Amino acid sequence: MIEFEQFELNNGLRVIVHQDKSTTLAAINILYDVGSRDEDENKTGFAHLFEHLMFGGSKHIDNYDHVLQKVGGENNAFTTPDITNYYMTLPAVNLETGFWLESDRMLSLSFNPEVLEVQRKVVIEEFNQRYLNEPYGDVWLKLRPLAYREHPYRWATIGKEVSHIEQAKMEDVKNFFNLFYAPNNAVLVVAGNVELGNVKRLSEKYFGDIPRGETNKRALPAEPQQLKERFLETEADVPLNAVHKVFHMPARATNEYYVADLLSDLVGRGKSSRLYDQLVKKDQLFNSINAYVTGSFDPGLMVVTGKLNKSVDFATADNRIWEVINDMVTNGPGEVELNKVKNQAMTSIEFGAIELLNRAMNLALGAVMGNVDLANQESKIIERITKKEIHAMSRKVLKRENCSTLYYKSNAA
């Protein structure tokens, strides 16, 4: 159980406090309710660009990392289609330094043209190295627009194409910041060896005077139901042929999401899953295969991905994937295998809660999804899931007309 207290500043900043006296550390996690789904389709990659720009200096701080390291802290950030999350850990006695750092860049981020050019080059290099030049790196650049036709999940967080970052103007950057990087669009979690009263004092001192921003009236287009199987084939200099399948599934904040997540575990999580047991161990068609879910706030994807052994053709491999899937759709899960994946899921939650920073992040995620206590409820939600629900979900999700398939062909195969 993650215990917490919460309050809200007049400017709309939500603050959550989780006290843990067993540590000498404090964690500060600030989650901005903005991801790549909030971007203009002709100016993509901005949420991820800001992940970098927020470390480029602010009004009173030239080097964010240097200041934090001097007080024994460390930090990082990540961007998803749904959120941008900044986090740090530092000695609890230096908590105020963390408040100063985070508030200064929320209030007065540096819009130095030199910083923009430096971070633009960093992001472009990342785009080239991780997505264009790395084996299989462009899979999601191809899968997203195949699976999504209307919703902005159809582009990756890095952006739809590198030219959008190359052509980003300072005016575009400032407009994006002013719309999304405001206290009323953020959740601040302070965890560790901290006191509620002191956190309230520091929150008011450092964030209280930051003006409320515009209200982000999110009105994203809903993705129409997919009614026909989709297919794409590509070829590149990769070691092995690969098959990628994605199926539309429920959104993250619904109980149905947990049913679909367990279904993906049954189908393809680990070496005891159905796909691995039958297609890697027994048939030896695949070098590796697994299934997982994207965990998207809006309706997301269940993913099946596998690399074929050499000399195995796509048709044979794909047919066997469908045979395994159809067996689940026809017969549903067994009691023993369902209990096993439930226990794995609940154990993962328990182990994840050991880390102070994970607790802070989970509270922030729950808050932005509308339920701060979600992290404390997940195990019970999973425990109550029945075979009947899994079977019904398999029939709803794992059907051909709901599937988009990418054959990634090795030109060396």
# chains A, B, ... in the order shown; residues from 1 in each chain; ligands from 1
call {"tool": "closest_atom_pairs", "arguments": {"of": "stretch 268-363 of chain A", "to": "stretch 27-34 of chain A", "cutoff": "12 Å", "atoms": "only C-alpha atoms", "output": "CSV"}}
result
residue,atom,partner,partner_atom,distance
A:Phe297,CA,A:Asp33,CA,11.1
A:Glu355,CA,A:Ala27,CA,10.3
A:Leu356,CA,A:Ala27,CA,7.0
A:Leu357,CA,A:Ala27,CA,5.9
A:Asn358,CA,A:Ala27,CA,9.5
A:Arg359,CA,A:Ala27,CA,9.4
A:Ala360,CA,A:Asn29,CA,6.3
A:Met361,CA,A:Asn29,CA,6.4
A:Asn362,CA,A:Asn29,CA,9.8
A:Leu363,CA,A:Asn29,CA,9.4
call {"tool": "write_last_selection", "arguments": {"atoms": "C-alpha atoms", "output": "tab-separated table (two decimals), in the first residue's frame"}}
result
chain	number	residue	atom	x	y	z
A	297	PHE	CA	-4.16	6.10	-22.25
A	355	GLU	CA	11.74	1.46	-5.56
A	356	LEU	CA	10.86	4.89	-4.19
A	357	LEU	CA	10.94	6.48	-7.62
A	358	ASN	CA	8.56	3.88	-9.05
A	359	ARG	CA	6.05	4.67	-6.29
A	360	ALA	CA	6.29	8.37	-7.12
A	361	MET	CA	5.81	7.74	-10.85
A	362	ASN	CA	2.84	5.44	-10.27
A	363	LEU	CA	1.09	8.04	-8.13
call {"tool": "select_by_dssp", "arguments": {"residues": "stretch 268-334 of chain A", "states": "helix (DSSP H, G or I)", "output": "JSON, numbers by chain"}}
result
{"A": [268, 274, 275, 276, 277, 278, 279, 280, 281, 282, 314, 315, 316, 317, 318, 319, 320, 321, 322, 323, 324, 325, 326, 327, 328, 329, 330, 331]}
call {"tool": "closest_residue", "arguments": {"among": "A:Asp82, A:Leu90, A:Asn216, A:Glu150", "to": "A:Met369", "atoms": "only C-alpha atoms"}}
result
A:Asp82
call {"tool": "residues_around", "arguments": {"residues": "A:Ile385", "least_positions_apart": "5", "cutoff": "10 Å", "atoms": "only C-alpha atoms", "output": "MDAnalysis selection string"}}
result
chainID A and resid 255:256 258:259 262 338:339 342 380 390
call {"tool": "residues_around", "arguments": {"residues": "A:Asn75", "least_positions_apart": "4", "cutoff": "7 Å", "atoms": "only C-alpha atoms", "output": "list in words"}}
result
Tyr87, Met88 and Thr89 of chain A
call {"tool": "write_last_selection", "arguments": {"atoms": "C-alpha atoms", "output": "compact mmCIF listing (two decimals), in the first residue's frame"}}
result
# COMPACT_ATOMS: atom_id res chain seq x y z
CA TYR A 87 12.17 12.78 -12.26
CA MET A 88 15.04 13.11 -9.84
CA THR A 89 16.34 11.58 -6.62
call {"tool": "closest_residue", "arguments": {"among": "A:Lys409, A:Lys282, A:Lys388, A:His18", "to": "A:Gly192", "atoms": "only C-alpha atoms"}}
result
A:His18
call {"tool": "atom_distance", "arguments": {"atom1": "atom CA of A:Asp38", "atom2": "atom CA of A:Val118"}}
result
23.9 Å
call {"tool": "atom_distance", "arguments": {"atom1": "atom CA of A:Gly35", "atom2": "atom CA of A:Ala191"}}
result
24.0 Å
call {"tool": "closest_residue", "arguments": {"among": "A:Glu337, A:Val304, A:Val324, A:Leu53", "to": "A:Ser264", "atoms": "only C-alpha atoms"}}
result
A:Val304
call {"tool": "select_by_dssp", "arguments": {"residues": "stretch 126-289 of chain A", "states": "strand (DSSP E or B)", "output": "ChimeraX atom specification"}}
result
/A:186-192,230-236,242-248,286-289
call {"tool": "closest_residue", "arguments": {"among": "A:Val372, A:Ala367, A:Ile83, A:Ala317", "to": "A:Leu279", "atoms": "only C-alpha atoms"}}
result
A:Ala317
call {"tool": "closest_residue", "arguments": {"among": "A:Pro211, A:Gly306, A:Pro81, A:Gly370", "to": "A:His244", "atoms": "only C-alpha atoms"}}
result
A:Gly306
